[in-house]
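Enquirer: To be precise about what I am sending: the file is called structure-v6.tsv and holds TSV, C-alpha atoms.
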chain	number	residue	atom	x	y	z
K	1	MET	CA	99.12	77.67	126.54
K	2	MET	CA	99.81	81.32	127.41
K	3	VAL	CA	100.85	84.13	125.07
K	4	ARG	CA	103.34	86.64	126.49
K	5	PRO	CA	103.93	89.67	124.21
K	6	LEU	CA	107.41	91.13	124.14
K	7	PHE	CA	105.81	94.60	124.01
K	8	LYS	CA	102.37	95.77	125.10
K	9	SER	CA	101.75	97.15	121.63
K	10	GLN	CA	103.32	96.21	118.32
K	11	ALA	CA	101.67	99.06	116.42
K	12	TRP	CA	104.27	101.65	117.38
K	13	LEU	CA	107.02	99.34	116.08
K	14	ALA	CA	105.40	99.24	112.64
K	15	LEU	CA	105.24	103.05	112.62
K	16	ALA	CA	108.83	103.33	113.88
K	17	ALA	CA	110.20	101.15	111.08
K	18	PRO	CA	110.06	103.90	108.40
K	19	VAL	CA	111.76	106.35	110.74
K	20	ILE	CA	114.52	103.86	111.50
K	21	ALA	CA	114.91	103.09	107.79
K	22	VAL	CA	115.22	106.78	106.89
K	23	LEU	CA	117.77	107.48	109.65
K	24	LEU	CA	119.91	104.49	108.64
K	25	SER	CA	119.67	105.54	104.98
K	26	ILE	CA	120.88	109.04	105.83
K	27	ALA	CA	123.80	107.61	107.82
K	28	THR	CA	124.71	105.23	104.98
K	29	GLY	CA	124.34	108.08	102.49
K	30	GLY	CA	126.91	110.05	104.45
K	31	VAL	CA	129.32	107.15	104.11
K	32	LEU	CA	128.67	106.97	100.36
K	33	PHE	CA	129.63	110.63	99.99
K	34	LEU	CA	133.02	109.77	101.51
K	35	PHE	CA	133.75	107.54	98.52
K	36	PHE	CA	133.43	110.65	96.34
K	37	ASP	CA	135.78	112.61	98.63
K	38	ILE	CA	132.87	114.71	99.91
K	39	ALA	CA	132.48	115.50	103.59
K	40	PRO	CA	129.40	113.57	104.78
K	41	PHE	CA	127.68	116.54	106.42
K	42	ASP	CA	128.33	118.74	103.40
K	43	GLY	CA	126.97	116.12	101.02
K	44	LEU	CA	123.89	115.50	103.13
K	45	TYR	CA	123.27	119.22	103.46
K	46	TYR	CA	123.24	119.76	99.69
K	47	PHE	CA	121.24	116.58	99.18
K	48	LEU	CA	118.55	117.03	101.84
K	49	LEU	CA	118.44	120.67	102.96
K	50	ASP	CA	119.88	123.00	100.32
K	51	PRO	CA	117.10	122.33	97.75
K	52	LEU	CA	114.50	123.56	100.27
K	53	ARG	CA	116.13	126.81	101.36
K	54	ASP	CA	113.99	129.00	99.09
K	55	GLY	CA	110.57	129.17	97.49
K	56	TYR	CA	111.79	127.85	94.16
K	57	GLY	CA	113.20	124.69	95.76
K	58	VAL	CA	109.99	124.05	97.67
K	59	SER	CA	107.92	124.56	94.52
K	60	GLU	CA	110.09	122.07	92.63
K	61	LEU	CA	109.67	119.58	95.48
K	62	LEU	CA	105.89	119.89	95.27
K	63	LEU	CA	106.10	119.23	91.52
K	64	LYS	CA	107.98	115.99	92.20
K	65	ILE	CA	105.59	114.92	94.96
K	66	SER	CA	102.46	115.14	92.82
K	67	PRO	CA	103.20	112.34	90.27
K	68	ILE	CA	104.71	110.11	92.96
K	69	VAL	CA	101.58	110.33	95.11
K	70	LEU	CA	99.22	109.81	92.17
K	71	CYS	CA	101.06	106.67	91.09
K	72	ALA	CA	101.40	105.43	94.68
K	73	LEU	CA	97.71	105.78	95.52
K	74	GLY	CA	96.78	103.53	92.63
K	75	LEU	CA	99.41	100.99	93.66
K	76	LEU	CA	98.12	101.09	97.23
K	77	LEU	CA	94.75	99.78	96.04
K	78	CYS	CA	96.46	97.03	94.05
K	79	PHE	CA	98.65	95.93	96.94
K	80	LYS	CA	95.66	95.96	99.31
K	81	ALA	CA	93.99	93.48	96.98
K	82	GLY	CA	97.12	91.34	96.67
K	83	VAL	CA	97.70	92.44	93.07
K	84	TRP	CA	101.39	93.16	92.55
K	85	ASN	CA	101.26	95.87	89.94
K	86	ILE	CA	104.85	96.90	89.11
K	87	GLY	CA	103.74	98.78	86.00
K	88	ALA	CA	102.97	102.27	87.28
K	89	GLU	CA	105.94	103.60	85.30
K	90	GLY	CA	104.55	102.24	82.04
K	91	GLN	CA	101.04	103.43	82.87
K	92	TYR	CA	102.45	106.86	83.69
K	93	LEU	CA	104.22	106.97	80.31
K	94	ALA	CA	101.05	105.80	78.56
K	95	GLY	CA	99.27	108.75	80.16
K	96	CYS	CA	102.04	111.07	78.96
K	97	MET	CA	101.77	109.78	75.40
K	98	ALA	CA	97.96	109.81	75.23
K	99	ALA	CA	97.75	113.30	76.72
K	100	GLY	CA	100.59	114.50	74.49
K	101	TRP	CA	98.94	113.16	71.34
K	102	CYS	CA	95.65	114.80	72.30
K	103	ALA	CA	97.38	118.10	73.09
K	104	LEU	CA	99.04	118.16	69.69
K	105	GLN	CA	95.72	117.48	67.96
K	106	LEU	CA	94.18	120.45	69.79
K	107	ALA	CA	97.01	122.84	68.95
K	108	ASP	CA	94.73	125.05	66.86
K	109	SER	CA	91.61	124.66	69.00
K	110	GLU	CA	90.28	127.14	71.53
K	111	GLY	CA	88.00	126.64	74.51
K	112	PHE	CA	87.95	125.76	78.18
K	113	TRP	CA	87.27	122.12	77.27
K	114	CYS	CA	90.71	121.56	75.71
K	115	LEU	CA	92.62	121.02	78.96
K	116	PRO	CA	90.04	118.68	80.57
K	117	LEU	CA	89.99	116.65	77.34
K	118	VAL	CA	93.78	116.30	77.39
K	119	LEU	CA	93.74	115.23	81.05
K	120	LEU	CA	90.98	112.73	80.29
K	121	ALA	CA	93.06	111.33	77.42
K	122	GLY	CA	95.94	110.80	79.84
K	123	VAL	CA	93.68	109.02	82.33
K	124	LEU	CA	92.33	106.75	79.59
K	125	GLY	CA	95.83	106.07	78.30
K	126	GLY	CA	97.02	104.84	81.68
K	127	LEU	CA	93.80	102.90	82.24
K	128	LEU	CA	94.03	101.09	78.89
K	129	TRP	CA	97.71	100.28	79.49
K	130	ALA	CA	96.78	98.66	82.81
K	131	ALA	CA	93.81	96.95	81.16
K	132	MET	CA	96.20	94.81	79.10
K	133	ALA	CA	97.77	93.39	82.27
K	134	ALA	CA	94.32	92.94	83.82
K	135	ALA	CA	93.05	91.01	80.79
K	136	LEU	CA	96.11	88.76	80.78
K	137	LYS	CA	95.68	88.16	84.51
K	138	VAL	CA	92.00	87.16	84.52
K	139	ARG	CA	91.85	85.49	81.09
K	140	VAL	CA	94.99	83.36	80.97
K	141	GLY	CA	96.31	83.66	84.53
K	142	ALA	CA	99.46	85.52	83.51
K	143	ASN	CA	101.54	86.76	86.44
K	144	GLU	CA	100.89	90.49	86.79
K	145	ILE	CA	104.42	91.13	88.05
K	146	LEU	CA	105.90	89.93	84.78
K	147	THR	CA	103.31	91.48	82.48
K	148	THR	CA	103.39	94.92	84.10
K	149	ILE	CA	107.20	95.01	84.12
K	150	MET	CA	107.33	94.07	80.43
K	151	LEU	CA	104.72	96.69	79.62
K	152	ASN	CA	107.00	99.28	81.27
K	153	TYR	CA	109.72	98.58	78.73
K	154	ILE	CA	107.25	98.59	75.86
K	155	ALA	CA	106.02	102.02	76.98
K	156	VAL	CA	109.57	103.41	77.06
K	157	HIS	CA	110.30	102.21	73.53
K	158	LEU	CA	106.93	103.37	72.24
K	159	LEU	CA	107.67	106.84	73.57
K	160	MET	CA	111.04	106.81	71.81
K	161	TYR	CA	109.33	105.75	68.58
K	162	LEU	CA	106.75	108.53	68.80
K	163	VAL	CA	109.21	111.35	69.51
K	164	ASN	CA	111.48	110.10	66.74
K	165	GLY	CA	108.65	109.46	64.31
K	166	PRO	CA	104.94	110.37	64.10
K	167	LEU	CA	104.95	113.01	66.86
K	168	LYS	CA	108.39	114.49	66.17
K	169	ASP	CA	108.44	118.27	65.85
K	170	PRO	CA	109.18	119.05	62.16
K	171	GLY	CA	110.76	122.32	63.24
K	172	GLY	CA	112.75	120.81	66.09
K	173	PHE	CA	116.16	120.63	64.33
K	174	SER	CA	116.07	116.79	64.37
K	175	PHE	CA	115.85	116.59	68.18
K	176	PRO	CA	113.71	113.66	69.41
K	177	GLU	CA	110.84	115.69	70.85
K	178	SER	CA	107.35	116.83	70.00
K	179	ALA	CA	106.28	120.39	69.39
K	180	ILE	CA	105.68	122.51	72.47
K	181	PHE	CA	102.05	122.34	73.50
K	182	ALA	CA	99.71	125.29	73.03
K	183	GLY	CA	98.78	127.42	76.01
K	184	GLN	CA	95.13	126.31	76.15
K	185	VAL	CA	96.13	122.74	77.02
K	186	MET	CA	98.62	123.69	79.74
K	187	LEU	CA	97.81	123.56	83.45
K	188	PRO	CA	97.58	127.05	85.02
K	189	VAL	CA	100.56	127.94	87.20
K	190	LEU	CA	100.06	129.24	90.73
K	191	SER	CA	102.74	131.91	90.36
K	192	ASP	CA	104.56	133.44	87.43
K	193	SER	CA	107.84	133.03	89.36
K	194	TYR	CA	107.64	129.23	89.60
K	195	ARG	CA	106.65	126.21	87.52
K	196	LEU	CA	104.24	125.01	90.21
K	197	ASN	CA	100.73	124.45	88.84
K	198	ILE	CA	97.32	123.31	90.00
K	199	SER	CA	98.27	119.64	89.63
K	200	ILE	CA	99.48	119.72	93.26
K	201	PHE	CA	95.81	119.62	94.30
K	202	PHE	CA	95.12	116.36	92.44
K	203	PRO	CA	96.86	114.13	95.03
K	204	LEU	CA	95.15	115.90	97.94
K	205	VAL	CA	91.72	115.20	96.46
K	206	LEU	CA	92.62	111.58	95.70
K	207	VAL	CA	94.03	111.00	99.20
K	208	ALA	CA	90.70	112.08	100.71
K	209	LEU	CA	88.68	110.00	98.23
K	210	LEU	CA	90.85	106.93	98.72
K	211	TRP	CA	90.64	107.18	102.52
K	212	LEU	CA	86.85	107.30	102.29
K	213	LEU	CA	86.85	104.41	99.82
K	214	LEU	CA	88.96	102.19	102.07
K	215	LYS	CA	87.37	103.09	105.39
K	216	ARG	CA	83.76	103.89	104.60
K	217	SER	CA	82.74	101.72	101.65
K	218	ARG	CA	81.84	98.12	101.02
K	219	PHE	CA	84.38	98.02	98.20
K	220	GLY	CA	87.16	98.94	100.64
K	221	PHE	CA	86.11	96.16	103.02
K	222	GLU	CA	85.91	93.61	100.21
K	223	LEU	CA	89.32	94.72	98.97
K	224	GLY	CA	90.88	93.86	102.31
K	225	VAL	CA	89.21	90.44	102.33
K	226	VAL	CA	90.42	89.69	98.79
K	227	GLY	CA	93.97	90.69	99.67
K	228	ASN	CA	94.17	88.93	103.05
K	229	ASN	CA	92.20	85.77	102.36
K	230	PRO	CA	91.17	85.08	98.74
K	231	ALA	CA	89.59	81.74	99.70
K	232	ALA	CA	87.33	83.40	102.27
K	233	ALA	CA	86.44	86.10	99.76
K	234	GLN	CA	85.43	83.51	97.19
K	235	ASN	CA	83.36	81.60	99.73
K	236	ALA	CA	81.61	84.86	100.67
K	237	GLY	CA	80.62	85.41	97.05
K	238	ILE	CA	83.12	88.22	96.38
K	239	SER	CA	84.36	88.18	92.80
K	240	ILE	CA	88.16	88.14	92.95
K	241	ASN	CA	88.59	88.74	89.21
K	242	ARG	CA	86.28	91.76	89.37
K	243	HIS	CA	88.37	93.34	92.11
K	244	VAL	CA	91.62	92.51	90.32
K	245	VAL	CA	90.41	94.26	87.18
K	246	LEU	CA	89.02	97.26	89.07
K	247	VAL	CA	92.17	97.96	91.10
K	248	LEU	CA	94.39	97.63	88.04
K	249	LEU	CA	92.19	99.99	86.04
K	250	ILE	CA	92.06	102.54	88.88
K	251	SER	CA	95.81	102.28	89.33
K	252	GLY	CA	96.39	102.82	85.63
K	253	ALA	CA	94.03	105.80	85.61
K	254	CYS	CA	95.86	107.42	88.55
K	255	ALA	CA	99.26	106.90	86.89
K	256	GLY	CA	97.83	108.18	83.59
K	257	LEU	CA	96.64	111.34	85.32
K	258	ALA	CA	100.15	111.80	86.73
K	259	GLY	CA	101.58	111.52	83.22
K	260	ALA	CA	99.03	113.94	81.78
K	261	ALA	CA	99.78	116.48	84.52
K	262	GLU	CA	103.49	116.16	83.86
K	263	VAL	CA	103.35	116.84	80.12
K	264	THR	CA	100.78	119.63	80.46
K	265	GLY	CA	102.64	121.11	83.39
K	266	PRO	CA	106.39	121.48	83.91
K	267	VAL	CA	107.46	119.65	80.71
K	268	GLY	CA	105.05	121.02	78.10
K	269	GLN	CA	105.94	118.52	75.36
K	270	LEU	CA	106.83	114.88	74.75
K	271	ILE	CA	110.52	114.12	75.30
K	272	PRO	CA	112.50	110.89	75.93
K	273	GLN	CA	113.41	112.07	79.44
K	274	LEU	CA	109.83	111.66	80.69
K	275	SER	CA	110.77	108.29	82.15
K	276	VAL	CA	112.42	109.39	85.40
K	277	GLY	CA	111.23	106.53	87.61
K	278	TYR	CA	108.19	108.00	89.33
K	279	GLY	CA	106.34	104.70	88.95
K	280	TYR	CA	109.14	102.73	90.60
K	281	THR	CA	109.53	105.30	93.37
K	282	ALA	CA	105.80	104.98	94.03
K	283	ILE	CA	106.31	101.34	95.04
K	284	ILE	CA	108.73	102.40	97.78
K	285	CYS	CA	106.34	105.20	98.70
K	286	VAL	CA	103.48	102.77	99.38
K	287	TYR	CA	105.55	100.64	101.75
K	288	LEU	CA	107.21	103.60	103.42
K	289	GLY	CA	103.75	105.10	103.96
K	290	ARG	CA	102.58	101.88	105.62
K	291	MET	CA	99.87	101.26	103.02
K	292	HIS	CA	97.87	104.28	104.24
K	293	PRO	CA	96.80	107.21	102.01
K	294	VAL	CA	98.06	109.88	104.43
K	295	GLY	CA	101.24	107.90	105.03
K	296	VAL	CA	101.80	107.77	101.27
K	297	LEU	CA	101.55	111.56	101.11
K	298	LEU	CA	104.14	111.96	103.89
K	299	ALA	CA	106.46	109.38	102.34
K	300	ALA	CA	106.25	111.14	98.98
K	301	MET	CA	107.54	114.33	100.58
K	302	LEU	CA	110.71	112.55	101.61
K	303	LEU	CA	111.14	110.71	98.33
K	304	GLY	CA	110.53	113.93	96.41
K	305	VAL	CA	113.48	115.43	98.27
K	306	THR	CA	115.72	112.74	96.77
K	307	TYR	CA	114.87	113.98	93.27
K	308	VAL	CA	115.51	117.68	93.91
K	309	GLY	CA	118.47	116.76	96.13
K	310	ALA	CA	120.03	114.73	93.32
K	311	GLU	CA	119.83	117.80	91.09
K	312	SER	CA	121.47	119.89	93.82
K	313	VAL	CA	124.46	117.59	94.37
K	314	GLN	CA	124.78	117.16	90.61
K	315	LEU	CA	125.31	120.92	90.28
K	316	GLN	CA	127.46	121.24	93.39
K	317	TYR	CA	129.68	118.16	93.10
K	318	GLU	CA	128.99	116.88	89.55
K	319	LEU	CA	127.64	113.62	90.93
K	320	PRO	CA	125.31	111.52	88.73
K	321	SER	CA	121.58	111.96	89.24
K	322	ALA	CA	121.43	108.22	90.04
K	323	ILE	CA	122.20	109.22	93.63
K	324	ALA	CA	118.42	109.60	94.05
K	325	ALA	CA	117.82	105.96	93.07
K	326	ALA	CA	120.64	104.86	95.38
K	327	PHE	CA	119.10	106.66	98.34
K	328	GLN	CA	115.65	105.26	97.56
K	329	GLY	CA	117.13	101.77	97.35
K	330	LEU	CA	118.72	102.23	100.76
K	331	ILE	CA	115.38	103.26	102.24
K	332	LEU	CA	113.67	100.18	100.81
K	333	PHE	CA	116.46	97.89	101.99
K	334	TYR	CA	116.41	99.19	105.55
K	335	LEU	CA	112.62	99.27	105.62
K	336	LEU	CA	112.40	95.60	104.65
K	337	ALA	CA	115.07	94.77	107.24
K	338	ALA	CA	113.20	96.70	109.95
K	339	ASP	CA	109.94	94.94	109.08
K	340	LYS	CA	111.71	91.59	109.26
K	341	LEU	CA	113.01	92.46	112.71
K	342	ILE	CA	109.52	93.50	113.84
K	343	ASN	CA	108.16	90.15	112.69
K	344	GLN	CA	110.80	88.44	114.81
K	345	LEU	CA	109.67	90.49	117.81
K	346	GLN	CA	106.05	89.37	117.53
K	347	PRO	CA	104.55	87.74	120.65
K	348	LYS	CA	106.20	84.50	121.69
K	349	VAL	CA	104.27	81.46	122.83
K	350	GLU	CA	104.92	79.98	126.30
K	351	ARG	CA	103.72	76.64	127.54
How does the structure come out when it is put into structure tokens?
Expert:
Amino acid sequence: MMVRPLFKSQAWLALAAPVIAVLLSIATGGVLFLFFDIAPFDGLYYFLLDPLRDGYGVSELLLKISPIVLCALGLLLCFKAGVWNIGAEGQYLAGCMAAGWCALQLADSEGFWCLPLVLLAGVLGGLLWAAMAAALKVRVGANEILTTIMLNYIAVHLLMYLVNGPLKDPGGFSFPESAIFAGQVMLPVLSDSYRLNISIFFPLVLVALLWLLLKRSRFGFELGVVGNNPAAAQNAGISINRHVVLVLLISGACAGLAGAAEVTGPVGQLIPQLSVGYGYTAIICVYLGRMHPVGVLLAAMLLGVTYVGAESVQLQYELPSAIAAAFQGLILFYLLAADKLINQLQPKVER
């Protein structure tokens, strides 16, 4: 029996799939603009290029990239281990709420320790939110897809309860929002002209740490074994439950940090609009980045453009902001289709 590969190397096909998916999504996006009586090139210009024509647009893009990457890096670990965590959005909101509560408690405090404490509260909030799914997974065998999705909805409604109840600003004219956080718990901005703050360095540090963890540590090796062949991992004495719990906790902590950075950065308070879908976008980001930390960072740059681009076309053409979700859905659809095609082009067997 002889194996004849259709191509000498299949690796370049896997790397080409995201490029093909993005190009097809852009082409389909141009067609979608036609349904709104918008010239395709004009719509695509305002969606993809206009937001980046000045320093303010670039700074806003970097603000969008940061939470996406933080959520995606945690999900990457989960997916590597075969744990399908769909709850980054809920864990992100848990981080927002925990950090927001802590920030409000420290409103009258002073000291350099206030901001680190608020960020730590956000990390713990996301971690504990993920811990509920981890406990259900290892104790009763509950499907993590279902539990993490349900916890997303619980987080959304808990946020609504808090901003309409215990954490509502008494001087906020009945608006569902908390008081604005004090300056000592806010992340320092890099320039007085923009909202960009030091949170953009968090993903860069985590990308480096995650790369080292996956490539240079025993834990990273064991993670791959657990994800690819659980039976072999168990026979080798690797605790599957231990790795399931660890990746879910790390993922929750990363998403919680993203939430803490959001409320202590560009938002500055708790509001219902905190749920913008960063956790769901992070899922697409992981697959578009080919399950690699650096790839995730590059994919987040593109997906971040969809958020700032949606704001641009909303102002220019009065289109709904849901255009961002539509474009992200197109990318995922074409990416899955391209991967399916690549699988069909795998080496054939000749007799």
Enquirer: Select, from K:Ala27, K:Ala282, K:Ala99, K:Ile238, the residue with the minimum atom-to-atom distance to Gly125 (chain K), counting all atoms listed in the file.
Expert: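 That would be K:Ala99, the residue with the smallest distance to Gly125 (chain K).
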Enquirer: Interatomic distance between CA of Leu120 (chain K) and CA of Leu274 (chain K)?
Expert: 18.9 Å
Enquirer: Between K:Asp54, K:Glu262, K:Asp42, K:Glu144, which residue has the minimum interatomic distance to Met97 (chain K), considering only C-alpha atoms?
Expert: K:Glu262
Enquirer: Restricting the calculation to only C-alpha atoms, which member of K:Leu32, K:Cys114, K:Val296, K:Leu167 is positioned closest to Ile65 (chain K)?
Expert: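 Comparing K:Leu32, K:Cys114, K:Val296, K:Leu167 against Ile65 (chain K), the winner is K:Val296.
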Enquirer: For region 244-294 of chain K versus region 157-163 of chain K, which residues have an atom no more than 9 Å away, and what is each residue's nearest atom pair and distance in Å rounded to one decimal, using all atoms listed in the file, chain-then-number order, as a tab-separated table?
Expert:
residue	atom	partner	partner_atom	distance
K:Leu270	CA	K:Val163	CA	6.8
K:Ile271	CA	K:Val163	CA	6.6
K:Pro272	CA	K:Met160	CA	6.0
K:Leu274	CA	K:Leu159	CA	8.9
Enquirer: Quick check, in Å to one decimal: how far apart do CA of Val207 (chain K) and CA of Val226 (chain K) lie?
Expert: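 Pair CA of Val207 (chain K) / CA of Val226 (chain K) returns 21.6 Å.
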Enquirer: Within 10 Å of (83.2, 95.0, 97.7), in the coordinates the file gives, what residues turn up when you count only C-alpha atoms, written out as a ChimeraX atom specification?
Expert: /K:217-226,233,237-240,242-243
Enquirer: What is the distance between CA of Ser191 (chain K) and CA of Gly55 (chain K), in Å to one decimal?
Expert: 10.9 Å
